[in-house]
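Undergrad: Sharing coords22.pdb (PDB, C-alpha atoms (C1' of nucleotides) and all ligand atoms) below.
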ATOM      1  CA  MET Q  10       0.000   0.000   0.000
ATOM      2  CA  THR Q  11       1.327   3.427  -0.907
ATOM      3  CA  THR Q  12       1.982   6.196   1.557
ATOM      4  CA  GLU Q  13      -0.843   8.223   0.021
ATOM      5  CA  ASN Q  14      -3.266   5.380   0.616
ATOM      6  CA  ILE Q  15      -2.128   5.108   4.212
ATOM      7  CA  GLU Q  16      -2.723   8.818   4.673
ATOM      8  CA  GLU Q  17      -6.186   8.496   3.199
ATOM      9  CA  LEU Q  18      -6.904   5.540   5.441
ATOM     10  CA  LEU Q  19      -5.922   7.525   8.506
ATOM     11  CA  LEU Q  20      -7.910  10.589   7.412
ATOM     12  CA  ARG Q  21     -10.937   8.448   6.669
ATOM     13  CA  HIS Q  22     -10.769   7.252  10.274
ATOM     14  CA  GLY Q  23     -10.318  10.758  11.629
ATOM     15  CA  VAL Q  24      -6.636  10.424  12.476
ATOM     16  CA  LYS Q  25      -4.202  13.154  11.462
ATOM     17  CA  PRO Q  26      -1.527  11.461   9.360
ATOM     18  CA  THR Q  27       1.755  12.474  10.934
ATOM     19  CA  ALA Q  28       5.016  10.969   9.740
ATOM     20  CA  GLN Q  29       5.219   8.644  12.741
ATOM     21  CA  ARG Q  30       1.621   7.488  12.413
ATOM     22  CA  VAL Q  31       1.950   6.838   8.709
ATOM     23  CA  VAL Q  32       5.030   4.707   9.046
ATOM     24  CA  ILE Q  33       3.678   2.763  12.023
ATOM     25  CA  CYS Q  34       0.347   2.207  10.298
ATOM     26  CA  GLU Q  35       2.140   1.196   7.116
ATOM     27  CA  TYR Q  36       4.171  -1.325   9.037
ATOM     28  CA  MET Q  37       1.115  -2.771  10.754
ATOM     29  CA  ILE Q  38      -0.774  -3.125   7.495
ATOM     30  CA  GLY Q  39       2.195  -4.712   5.782
ATOM     31  CA  THR Q  40       2.781  -7.470   8.299
ATOM     32  CA  LYS Q  41       0.900 -10.640   9.085
ATOM     33  CA  SER Q  42       2.830 -11.194  12.276
ATOM     34  CA  HIS Q  43       1.133  -9.941  15.403
ATOM     35  CA  PRO Q  44       3.826  -7.626  16.724
ATOM     36  CA  THR Q  45       4.210  -6.239  20.209
ATOM     37  CA  ALA Q  46       4.753  -2.534  20.771
ATOM     38  CA  ASP Q  47       8.440  -3.230  21.085
ATOM     39  CA  ASP Q  48       8.485  -5.184  17.823
ATOM     40  CA  VAL Q  49       6.938  -2.166  16.153
ATOM     41  CA  LEU Q  50       9.467   0.177  17.688
ATOM     42  CA  GLN Q  51      12.389  -1.968  16.548
ATOM     43  CA  ALA Q  52      11.052  -2.366  13.027
ATOM     44  CA  VAL Q  53       9.940   1.196  12.448
ATOM     45  CA  ALA Q  54      12.636   3.196  14.241
ATOM     46  CA  ARG Q  55      15.222   2.641  11.529
ATOM     47  CA  LYS Q  56      12.848   3.629   8.728
ATOM     48  CA  LEU Q  57      12.253   7.057  10.200
ATOM     49  CA  PRO Q  58      14.768   9.877   9.706
ATOM     50  CA  VAL Q  59      14.001  11.214  13.171
ATOM     51  CA  ALA Q  60      14.071   9.399  16.489
ATOM     52  CA  LEU Q  61      10.970   7.492  17.533
ATOM     53  CA  SER Q  62      10.071   7.261  21.170
ATOM     54  CA  ARG Q  63       8.459   4.414  22.979
ATOM     55  CA  ALA Q  64       5.676   6.719  24.109
ATOM     56  CA  THR Q  65       4.834   7.587  20.521
ATOM     57  CA  VAL Q  66       4.633   3.945  19.565
ATOM     58  CA  TYR Q  67       2.176   3.278  22.382
ATOM     59  CA  ASN Q  68       0.264   6.486  21.675
ATOM     60  CA  THR Q  69      -0.019   5.630  18.011
ATOM     61  CA  LEU Q  70      -0.987   2.003  18.507
ATOM     62  CA  ASN Q  71      -3.665   3.004  20.992
ATOM     63  CA  CYS Q  72      -4.793   5.700  18.607
ATOM     64  CA  LEU Q  73      -5.091   3.204  15.751
ATOM     65  CA  VAL Q  74      -6.985   0.803  17.978
ATOM     66  CA  ASN Q  75      -9.438   3.519  19.003
ATOM     67  CA  ALA Q  76      -9.857   4.535  15.379
ATOM     68  CA  GLY Q  77     -10.748   0.954  14.461
ATOM     69  CA  ILE Q  78      -7.784   0.520  12.138
ATOM     70  CA  ILE Q  79      -6.049  -2.204  14.124
ATOM     71  CA  ARG Q  80      -6.952  -4.323  17.110
ATOM     72  CA  GLU Q  81      -5.330  -5.797  20.165
ATOM     73  CA  VAL Q  82      -4.703  -9.498  20.525
ATOM     74  CA  VAL Q  83      -4.223 -11.040  23.953
ATOM     75  CA  THR Q  84      -2.880 -14.557  23.881
ATOM     76  CA  GLU Q  85      -0.428 -14.489  26.762
ATOM     77  CA  PRO Q  86      -0.076 -12.452  29.917
ATOM     78  CA  ASP Q  87       2.252  -9.477  30.025
ATOM     79  CA  ARG Q  88       2.332  -8.361  26.432
ATOM     80  CA  THR Q  89      -0.271  -7.001  24.124
ATOM     81  CA  ARG Q  90      -0.002  -7.750  20.449
ATOM     82  CA  TYR Q  91      -1.464  -5.733  17.600
ATOM     83  CA  ASP Q  92      -3.196  -6.861  14.437
ATOM     84  CA  ALA Q  93      -4.189  -4.914  11.323
ATOM     85  CA  ASN Q  94      -6.358  -7.774  10.105
ATOM     86  CA  MET Q  95      -9.807  -6.481  10.994
ATOM     87  CA  SER Q  96     -11.740  -9.270   9.325
ATOM     88  CA  ASP Q  97     -13.633 -11.672  11.547
ATOM     89  CA  HIS Q  98     -10.998 -14.150  12.546
ATOM     90  CA  HIS Q  99      -9.420 -15.976  15.451
ATOM     91  CA  HIS Q 100      -5.898 -17.013  16.238
ATOM     92  CA  PHE Q 101      -3.722 -20.050  16.231
ATOM     93  CA  VAL Q 102      -0.615 -19.889  18.386
ATOM     94  CA  ASP Q 103       2.179 -22.181  17.356
ATOM     95  CA  VAL Q 104       3.549 -23.211  20.742
ATOM     96  CA  LYS Q 105       6.852 -24.149  19.196
ATOM     97  CA  THR Q 106       7.654 -20.777  17.647
ATOM     98  CA  GLY Q 107       5.170 -18.474  19.307
ATOM     99  CA  LYS Q 108       3.974 -17.370  15.887
ATOM    100  CA  ILE Q 109       0.348 -16.350  15.654
ATOM    101  CA  LEU Q 110      -1.673 -17.265  12.587
ATOM    102  CA  ASP Q 111      -5.052 -15.951  11.530
ATOM    103  CA  ILE Q 112      -7.933 -18.400  11.270
ATOM    104  CA  PRO Q 113     -10.976 -17.016   9.420
ATOM    105  CA  ALA Q 114     -14.157 -17.259  11.452
ATOM    106  CA  GLU Q 115     -15.946 -19.390   8.837
ATOM    107  CA  GLU Q 116     -13.361 -22.116   9.135
ATOM    108  CA  ILE Q 117     -13.903 -22.318  12.829
ATOM    109  CA  ALA Q 118     -17.652 -22.550  12.604
ATOM    110  CA  ARG Q 119     -17.271 -25.418  10.140
ATOM    111  CA  LEU Q 120     -14.312 -27.322  11.478
ATOM    112  CA  HIS Q 121     -14.679 -26.663  15.166
ATOM    113  CA  PRO Q 122     -13.044 -27.976  17.230
ATOM    114  CA  THR Q 123     -10.580 -29.354  14.696
ATOM    115  CA  ILE Q 124      -9.206 -26.584  12.527
ATOM    116  CA  GLY Q 125      -7.754 -28.734   9.806
ATOM    117  CA  ASP Q 126      -4.975 -31.093   8.814
ATOM    118  CA  ASN Q 127      -2.351 -28.392   8.908
ATOM    119  CA  TYR Q 128      -2.757 -27.761  12.593
ATOM    120  CA  LYS Q 129      -2.416 -30.027  15.528
ATOM    121  CA  VAL Q 130      -4.436 -28.420  18.282
ATOM    122  CA  HIS Q 131      -2.961 -28.950  21.731
ATOM    123  CA  SER Q 132      -5.620 -26.879  23.350
ATOM    124  CA  TYR Q 133      -7.800 -23.975  22.525
ATOM    125  CA  GLN Q 134      -9.651 -21.400  24.462
ATOM    126  CA  ILE Q 135     -12.785 -19.481  23.707
ATOM    127  CA  THR Q 136     -13.134 -16.224  25.545
ATOM    128  CA  PHE Q 137     -16.483 -14.541  25.338
ATOM    129  CA  PHE Q 138     -17.044 -10.865  26.036
ATOM    130  CA  GLY Q 139     -20.556  -9.726  26.687
ATOM    131  CA  GLU Q 140     -23.186  -9.192  29.324
ATOM    132  CA  ILE Q 141     -25.235 -11.407  31.552
ATOM    133  CA  VAL Q 142     -28.925 -11.184  30.748
ATOM    134  CA  LYS Q 143     -31.147 -11.557  33.806
ATOM    135  CA  ASN Q 144     -34.300 -13.189  32.387
ATOM    136  CA  LYS Q 145     -35.812 -14.590  35.606
TER
ATOM    137  CA  MET X   1     -13.325 -29.682  51.294
ATOM    138  CA  THR X   2     -11.507 -30.523  54.494
ATOM    139  CA  THR X   3      -7.888 -29.689  55.176
ATOM    140  CA  GLU X   4      -7.017 -33.394  55.189
ATOM    141  CA  ASN X   5      -8.479 -33.759  51.712
ATOM    142  CA  ILE X   6      -6.481 -30.785  50.513
ATOM    143  CA  GLU X   7      -3.326 -32.319  51.885
ATOM    144  CA  GLU X   8      -4.109 -35.585  50.138
ATOM    145  CA  LEU X   9      -4.785 -33.750  46.915
ATOM    146  CA  LEU X  10      -1.424 -32.020  47.110
ATOM    147  CA  LEU X  11       0.412 -35.235  47.981
ATOM    148  CA  ARG X  12      -1.326 -37.065  45.163
ATOM    149  CA  HIS X  13       0.111 -34.454  42.802
ATOM    150  CA  GLY X  14       3.565 -34.645  44.316
ATOM    151  CA  VAL X  15       3.409 -31.356  46.188
ATOM    152  CA  LYS X  16       4.510 -31.177  49.800
ATOM    153  CA  PRO X  17       1.564 -29.787  51.754
ATOM    154  CA  THR X  18       2.943 -26.858  53.695
ATOM    155  CA  ALA X  19       0.651 -24.586  55.671
ATOM    156  CA  GLN X  20       0.817 -21.869  53.018
ATOM    157  CA  ARG X  21       0.165 -24.244  50.156
ATOM    158  CA  VAL X  22      -2.751 -25.886  51.898
ATOM    159  CA  VAL X  23      -4.506 -22.631  52.643
ATOM    160  CA  ILE X  24      -3.878 -21.204  49.174
ATOM    161  CA  CYS X  25      -5.022 -24.398  47.513
ATOM    162  CA  GLU X  26      -8.044 -24.545  49.782
ATOM    163  CA  TYR X  27      -8.962 -21.016  48.806
ATOM    164  CA  MET X  28      -8.580 -21.748  45.101
ATOM    165  CA  ILE X  29     -10.717 -24.852  45.289
ATOM    166  CA  GLY X  30     -13.385 -23.080  47.282
ATOM    167  CA  THR X  31     -13.912 -20.195  44.884
ATOM    168  CA  LYS X  32     -15.553 -19.962  41.506
ATOM    169  CA  SER X  33     -14.155 -16.510  40.873
ATOM    170  CA  HIS X  34     -10.970 -16.430  38.849
ATOM    171  CA  PRO X  35      -8.712 -14.567  41.241
ATOM    172  CA  THR X  36      -5.459 -12.798  40.525
ATOM    173  CA  ALA X  37      -2.378 -13.467  42.617
ATOM    174  CA  ASP X  38      -3.147 -10.323  44.562
ATOM    175  CA  ASP X  39      -6.736 -11.433  45.166
ATOM    176  CA  VAL X  40      -5.349 -14.643  46.611
ATOM    177  CA  LEU X  41      -2.889 -12.782  48.808
ATOM    178  CA  GLN X  42      -5.616 -10.510  50.180
ATOM    179  CA  ALA X  43      -8.010 -13.350  50.844
ATOM    180  CA  VAL X  44      -5.559 -15.804  52.324
ATOM    181  CA  ALA X  45      -3.235 -13.556  54.314
ATOM    182  CA  ARG X  46      -5.702 -13.017  57.115
ATOM    183  CA  LYS X  47      -6.481 -16.712  57.480
ATOM    184  CA  LEU X  48      -2.872 -17.578  58.186
ATOM    185  CA  PRO X  49      -1.362 -17.110  61.646
ATOM    186  CA  VAL X  50       1.990 -16.175  60.112
ATOM    187  CA  ALA X  51       2.735 -13.530  57.518
ATOM    188  CA  LEU X  52       2.350 -14.504  53.888
ATOM    189  CA  SER X  53       4.645 -12.990  51.314
ATOM    190  CA  ARG X  54       3.821 -12.041  47.784
ATOM    191  CA  ALA X  55       6.634 -14.292  46.564
ATOM    192  CA  THR X  56       5.102 -17.301  48.273
ATOM    193  CA  VAL X  57       1.754 -16.648  46.660
ATOM    194  CA  TYR X  58       3.354 -16.571  43.229
ATOM    195  CA  ASN X  59       5.562 -19.547  44.016
ATOM    196  CA  THR X  60       2.601 -21.558  45.230
ATOM    197  CA  LEU X  61       0.292 -20.628  42.372
ATOM    198  CA  ASN X  62       2.992 -21.528  39.843
ATOM    199  CA  CYS X  63       3.618 -24.719  41.763
ATOM    200  CA  LEU X  64      -0.066 -25.653  41.666
ATOM    201  CA  VAL X  65      -0.210 -24.872  37.952
ATOM    202  CA  ASN X  66       2.801 -27.094  37.270
ATOM    203  CA  ALA X  67       1.273 -29.840  39.376
ATOM    204  CA  GLY X  68      -1.907 -29.685  37.311
ATOM    205  CA  ILE X  69      -4.099 -28.695  40.250
ATOM    206  CA  ILE X  70      -5.088 -25.284  38.922
ATOM    207  CA  ARG X  71      -4.624 -23.462  35.647
ATOM    208  CA  GLU X  72      -3.962 -19.977  34.384
ATOM    209  CA  VAL X  73      -6.609 -17.966  32.607
ATOM    210  CA  VAL X  74      -5.586 -15.109  30.327
ATOM    211  CA  THR X  75      -8.435 -12.838  29.340
ATOM    212  CA  GLU X  76      -6.809  -9.431  29.540
ATOM    213  CA  PRO X  77      -3.277  -8.118  29.321
ATOM    214  CA  ASP X  78      -1.236  -7.516  32.431
ATOM    215  CA  ARG X  79      -2.787  -9.863  34.943
ATOM    216  CA  THR X  80      -2.946 -13.582  35.128
ATOM    217  CA  ARG X  81      -5.936 -15.204  36.744
ATOM    218  CA  TYR X  82      -6.069 -18.642  38.316
ATOM    219  CA  ASP X  83      -8.740 -21.293  38.139
ATOM    220  CA  ALA X  84      -9.161 -24.514  40.103
ATOM    221  CA  ASN X  85     -11.837 -25.748  37.731
ATOM    222  CA  MET X  86      -9.861 -28.241  35.681
ATOM    223  CA  SER X  87     -12.809 -29.591  33.732
ATOM    224  CA  ASP X  88     -12.933 -28.845  30.024
ATOM    225  CA  HIS X  89     -14.468 -25.431  29.916
ATOM    226  CA  HIS X  90     -14.161 -21.952  28.486
ATOM    227  CA  HIS X  91     -14.874 -18.522  29.859
ATOM    228  CA  PHE X  92     -17.429 -15.811  29.608
ATOM    229  CA  VAL X  93     -16.276 -12.374  30.681
ATOM    230  CA  ASP X  94     -19.018 -10.041  31.784
ATOM    231  CA  VAL X  95     -17.735  -6.741  30.431
ATOM    232  CA  LYS X  96     -19.857  -4.817  32.876
ATOM    233  CA  THR X  97     -18.455  -6.350  36.042
ATOM    234  CA  GLY X  98     -15.339  -8.096  34.819
ATOM    235  CA  LYS X  99     -16.587 -11.327  36.376
ATOM    236  CA  ILE X 100     -15.523 -14.494  34.654
ATOM    237  CA  LEU X 101     -17.957 -17.381  34.369
ATOM    238  CA  ASP X 102     -17.223 -20.957  33.390
ATOM    239  CA  ILE X 103     -18.869 -22.339  30.274
ATOM    240  CA  PRO X 104     -18.652 -26.130  29.952
ATOM    241  CA  ALA X 105     -17.125 -27.244  26.664
ATOM    242  CA  GLU X 106     -20.205 -29.250  25.649
ATOM    243  CA  GLU X 107     -22.365 -26.170  25.716
ATOM    244  CA  ILE X 108     -20.067 -24.398  23.363
ATOM    245  CA  ALA X 109     -19.916 -27.216  20.873
ATOM    246  CA  ARG X 110     -23.710 -27.272  20.810
ATOM    247  CA  LEU X 111     -24.633 -23.625  21.007
ATOM    248  CA  HIS X 112     -21.723 -22.050  19.212
ATOM    249  CA  PRO X 113     -21.584 -19.184  18.551
ATOM    250  CA  THR X 114     -24.571 -18.277  20.712
ATOM    251  CA  ILE X 115     -24.075 -19.513  24.250
ATOM    252  CA  GLY X 116     -27.629 -19.169  25.429
ATOM    253  CA  ASP X 117     -30.382 -16.820  26.513
ATOM    254  CA  ASN X 118     -28.578 -15.825  29.671
ATOM    255  CA  TYR X 119     -25.662 -14.294  27.846
ATOM    256  CA  LYS X 120     -25.469 -11.549  25.311
ATOM    257  CA  VAL X 121     -22.221 -12.095  23.490
ATOM    258  CA  HIS X 122     -20.538  -8.889  22.393
ATOM    259  CA  SER X 123     -17.590 -10.713  20.981
ATOM    260  CA  TYR X 124     -15.698 -13.866  21.578
ATOM    261  CA  GLN X 125     -12.283 -15.099  20.819
ATOM    262  CA  ILE X 126     -10.918 -18.553  20.243
ATOM    263  CA  THR X 127      -7.245 -18.958  20.884
ATOM    264  CA  PHE X 128      -5.693 -22.181  19.728
ATOM    265  CA  PHE X 129      -2.452 -23.596  21.083
ATOM    266  CA  GLY X 130      -0.755 -26.269  19.094
ATOM    267  CA  GLU X 131       1.696 -26.962  16.318
ATOM    268  CA  ILE X 132       1.765 -26.444  12.615
ATOM    269  CA  VAL X 133       1.807 -29.735  10.742
ATOM    270  CA  LYS X 134       3.816 -29.568   7.539
ATOM    271  CA  ASN X 135       2.033 -32.099   5.319
ATOM    272  CA  LYS X 136       3.463 -31.209   1.874
TER
ATOM    273  C1'  DG C   8       5.646  36.142   6.290
ATOM    274  C1'  DT C   9       5.049  36.163  11.212
ATOM    275  C1'  DC C  10       2.212  34.895  15.237
ATOM    276  C1'  DT C  11      -0.608  31.940  17.742
ATOM    277  C1'  DT C  12      -2.412  27.803  19.159
ATOM    278  C1'  DG C  13      -3.554  23.136  19.923
ATOM    279  C1'  DG C  14      -2.258  18.714  18.793
ATOM    280  C1'  DT C  15       1.921  15.633  18.674
ATOM    281  C1'  DT C  16       6.221  13.902  20.045
ATOM    282  C1'  DT C  17       9.743  13.187  23.293
ATOM    283  C1'  DA C  18      12.725  11.620  27.303
ATOM    284  C1'  DG C  19      12.423  10.082  31.282
ATOM    285  C1'  DA C  20       9.891   9.303  35.566
ATOM    286  C1'  DC C  21       6.387   6.460  37.320
ATOM    287  C1'  DT C  22       3.265   2.396  38.119
ATOM    288  C1'  DT C  23       2.196  -2.315  38.475
ATOM    289  C1'  DA C  24       2.526  -7.363  37.834
ATOM    290  C1'  DT C  25       5.792 -10.676  38.254
ATOM    291  C1'  DT C  26      10.365 -12.704  38.999
ATOM    292  C1'  DC C  27      14.744 -12.936  41.206
ATOM    293  C1'  DT C  28      18.031 -12.968  45.049
ATOM    294  C1'  DA C  29      19.986 -14.064  49.098
ATOM    295  C1'  DA C  30      19.156 -14.747  53.740
ATOM    296  C1'  DA C  31      16.246 -16.939  57.288
ATOM    297  C1'  DT C  32      13.259 -20.723  58.523
ATOM    298  C1'  DG C  33      11.806 -25.197  59.384
ATOM    299  C1'  DC C  34      10.923 -29.711  58.943
ATOM    300  C1'  DA C  35      12.636 -34.849  58.012
ATOM    301  C1'  DG C  36      15.946 -38.010  58.379
ATOM    302  C1'  DA C  37      20.661 -39.613  60.199
TER
ATOM    303  C1'  DT M   8      20.491 -33.196  68.404
ATOM    304  C1'  DC M   9      22.516 -32.181  64.072
ATOM    305  C1'  DT M  10      22.383 -31.603  59.166
ATOM    306  C1'  DG M  11      20.595 -30.745  54.746
ATOM    307  C1'  DC M  12      17.355 -29.282  51.665
ATOM    308  C1'  DA M  13      13.111 -27.364  50.428
ATOM    309  C1'  DT M  14      10.353 -23.504  51.494
ATOM    310  C1'  DT M  15       9.428 -18.927  52.811
ATOM    311  C1'  DT M  16      10.517 -14.238  53.157
ATOM    312  C1'  DA M  17      11.542  -9.144  52.308
ATOM    313  C1'  DG M  18      13.023  -6.479  49.267
ATOM    314  C1'  DA M  19      15.489  -5.588  44.888
ATOM    315  C1'  DA M  20      15.095  -6.142  40.036
ATOM    316  C1'  DT M  21      12.652  -6.468  35.577
ATOM    317  C1'  DA M  22       9.533  -5.271  32.042
ATOM    318  C1'  DA M  23       5.126  -3.584  29.869
ATOM    319  C1'  DG M  24       2.734   0.245  29.722
ATOM    320  C1'  DT M  25       1.238   4.995  31.268
ATOM    321  C1'  DC M  26       2.006   9.666  32.707
ATOM    322  C1'  DT M  27       4.224  14.221  32.853
ATOM    323  C1'  DA M  28       6.051  18.297  31.382
ATOM    324  C1'  DA M  29       8.603  20.392  28.036
ATOM    325  C1'  DA M  30       9.787  20.865  23.159
ATOM    326  C1'  DC M  31       8.060  20.668  18.577
ATOM    327  C1'  DC M  32       5.346  21.556  14.666
ATOM    328  C1'  DA M  33       1.738  22.324  11.287
ATOM    329  C1'  DA M  34      -2.218  25.162  10.063
ATOM    330  C1'  DG M  35      -4.953  29.035  10.323
ATOM    331  C1'  DA M  36      -5.304  34.136  11.582
ATOM    332  C1'  DC M  37      -3.633  38.236  10.839
TER
HETATM  333 MN    MN Q 201       3.340  -8.368  34.043
HETATM  334 MN    MN Q 202       1.532  -4.259  31.432
HETATM  335 ZN    ZN Q 203      -4.960 -11.777  13.528
HETATM  336 ZN    ZN Q 204     -12.798 -21.276  34.731
END
Starting from the file, give its structure as structure tokens.
Ligand SMILES: [Mn+2]
Ligand SMILES: [Mn+2]
Ligand SMILES: [Zn+2]
Ligand SMILES: [Zn+2]

TA:
Amino acid sequence: MTTENIEELLLRHGVKPTAQRVVICEYMIGTKSHPTADDVLQAVARKLPVALSRATVYNTLNCLVNAGIIREVVTEPDRTRYDANMSDHHHFVDVKTGKILDIPAEEIARLHPTIGDNYKVHSYQITFFGEIVKNK
Amino acid sequence: MTTENIEELLLRHGVKPTAQRVVICEYMIGTKSHPTADDVLQAVARKLPVALSRATVYNTLNCLVNAGIIREVVTEPDRTRYDANMSDHHHFVDVKTGKILDIPAEEIARLHPTIGDNYKVHSYQITFFGEIVKNK
DNA sequence: GTCTTGGTTTAGACTTATTCTAAATGCAGA
DNA sequence: TCTGCATTTAGAATAAGTCTAAACCAAGAC
């Protein structure tokens, strides 16, 4: 995706496209990994002419989350990961490598609880978020 | 559950039943909430005649997890919760109160993705843990 | 073109959950 | 009773993330 398109994307979501935001957003959209804030800092810092602070990375990631451009992924305690794939999907964590893969929601509805031949599921967890309805 | 039963449970899992471990384990088994380490410390400290250190709470909870007596539950970044319900189940997080309820696995297989009339699901997430199988 | 202003970025301090360290404690067996 | 080893402890250390206060900067007003 071009820089212009990234700027348009940000504007469309009501986010002022600063240099730092553009390059962070560009990185997020260009990766299928589910990077931590620190991953983003490492990857993006060298692309920018100016210095990039940790605070800006967190500010920007939170900003993008609030704008609905990326989302948080919580698979382990103590570090939040970020994901520019906003389609309805779930995650497969390879316990060997720690890599996180996207699993489209349709596949899960169909193949649940076995995802497919390419994955050996050790365990899986469904976390629901919602409200309790008190109907007597 | 009586203290003797707790001690037997610990011994059966190869854990030496010290006073601290017994009371922490007893607390875990007696609650359906999914407490954090700090919740456990608060609740258990006053029951013990001696002081109870934060380190011991973490040591014991990790010990119980390794022994297969309790398990960790990760639903949000930055705090691990613990759960003595070792049956095959998933979790429903009430976003209003933060309370975590157990959902037996059978119910999910049947009612997926709607859990039932008593819950309004805002969103849910399935996290798989396993390995990638390279079959050509 | 300069001035003003509010949003953005920054470095570093701070907070909080968890782990680590090294010393003290306390049982179980010799 | 003595010894050894696991356990517990207080507090230091670590690490993710937030906060603060100052510096920066882009856009509009003049
Ligand atoms: Mn933590
Ligand atoms: Mn954190
Ligand atoms: Zn994803
Ligand atoms: Zn549970």

Undergrad: If I take CA of His89 in chain X and CA of Val73 in chain X, how far is one from the other in Å, to one decimal?

TA: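 We find that CA of His89 in chain X and CA of Val73 in chain X lie 11.2 Å from each other.
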
Undergrad: Given the file shown, determine the residues that the PyMOL selection byres (((not hetatm)) within 7 of (chain Q and resi 203)) selects; report them as a ChimeraX atom specification.

TA: /Q:43,92,94,98-100,110-111

Undergrad: If you count only C-alpha atoms (C1' of nucleotides), which residues fall within 10 Å of Glu72 in chain X, apart from same-chain ones fewer than 6 positions away, as a list in words?

TA: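 With the cut-off at 10 Å, the set is Pro86 of chain Q; His34, Pro35, Thr36, Leu61, Asn62, Val65, Thr80, Arg81, Tyr82, Asp83 and Ala84 of chain X.
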
Undergrad: What's around range 22-34 of chain M at 12 Å? Count all atoms listed in the file, leave out sequence neighbours fewer than 4 positions away in its own chain, and write the answer as a count of residues only.

TA: 40

Undergrad: Quick check on the file I pasted: which residues fall under the PyMOL selection byres (((chain X and resi 43) around 12) and not hetatm)? Write them as a PDB file with C-alpha atoms, in the frame of the given file.

TA:
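Result saved to result08.pdb:
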ATOM      1  CA  VAL X  23      -4.506 -22.631  52.643  1.00  0.00           C
ATOM      2  CA  ILE X  24      -3.878 -21.204  49.174  1.00  0.00           C
ATOM      3  CA  CYS X  25      -5.022 -24.398  47.513  1.00  0.00           C
ATOM      4  CA  GLU X  26      -8.044 -24.545  49.782  1.00  0.00           C
ATOM      5  CA  TYR X  27      -8.962 -21.016  48.806  1.00  0.00           C
ATOM      6  CA  MET X  28      -8.580 -21.748  45.101  1.00  0.00           C
ATOM      7  CA  GLY X  30     -13.385 -23.080  47.282  1.00  0.00           C
ATOM      8  CA  THR X  31     -13.912 -20.195  44.884  1.00  0.00           C
ATOM      9  CA  PRO X  35      -8.712 -14.567  41.241  1.00  0.00           C
ATOM     10  CA  THR X  36      -5.459 -12.798  40.525  1.00  0.00           C
ATOM     11  CA  ALA X  37      -2.378 -13.467  42.617  1.00  0.00           C
ATOM     12  CA  ASP X  38      -3.147 -10.323  44.562  1.00  0.00           C
ATOM     13  CA  ASP X  39      -6.736 -11.433  45.166  1.00  0.00           C
ATOM     14  CA  VAL X  40      -5.349 -14.643  46.611  1.00  0.00           C
ATOM     15  CA  LEU X  41      -2.889 -12.782  48.808  1.00  0.00           C
ATOM     16  CA  GLN X  42      -5.616 -10.510  50.180  1.00  0.00           C
ATOM     17  CA  VAL X  44      -5.559 -15.804  52.324  1.00  0.00           C
ATOM     18  CA  ALA X  45      -3.235 -13.556  54.314  1.00  0.00           C
ATOM     19  CA  ARG X  46      -5.702 -13.017  57.115  1.00  0.00           C
ATOM     20  CA  LYS X  47      -6.481 -16.712  57.480  1.00  0.00           C
ATOM     21  CA  LEU X  48      -2.872 -17.578  58.186  1.00  0.00           C
ATOM     22  CA  LEU X  52       2.350 -14.504  53.888  1.00  0.00           C
ATOM     23  CA  VAL X  57       1.754 -16.648  46.660  1.00  0.00           C
TER      24      VAL X  57
END

Undergrad: Taking all atoms listed in the file into account and nothing else, which residues of chain M lie no more than 9 Å away from chain X? Please answer as number ranges by chain.

TA: M: 14-17, 23
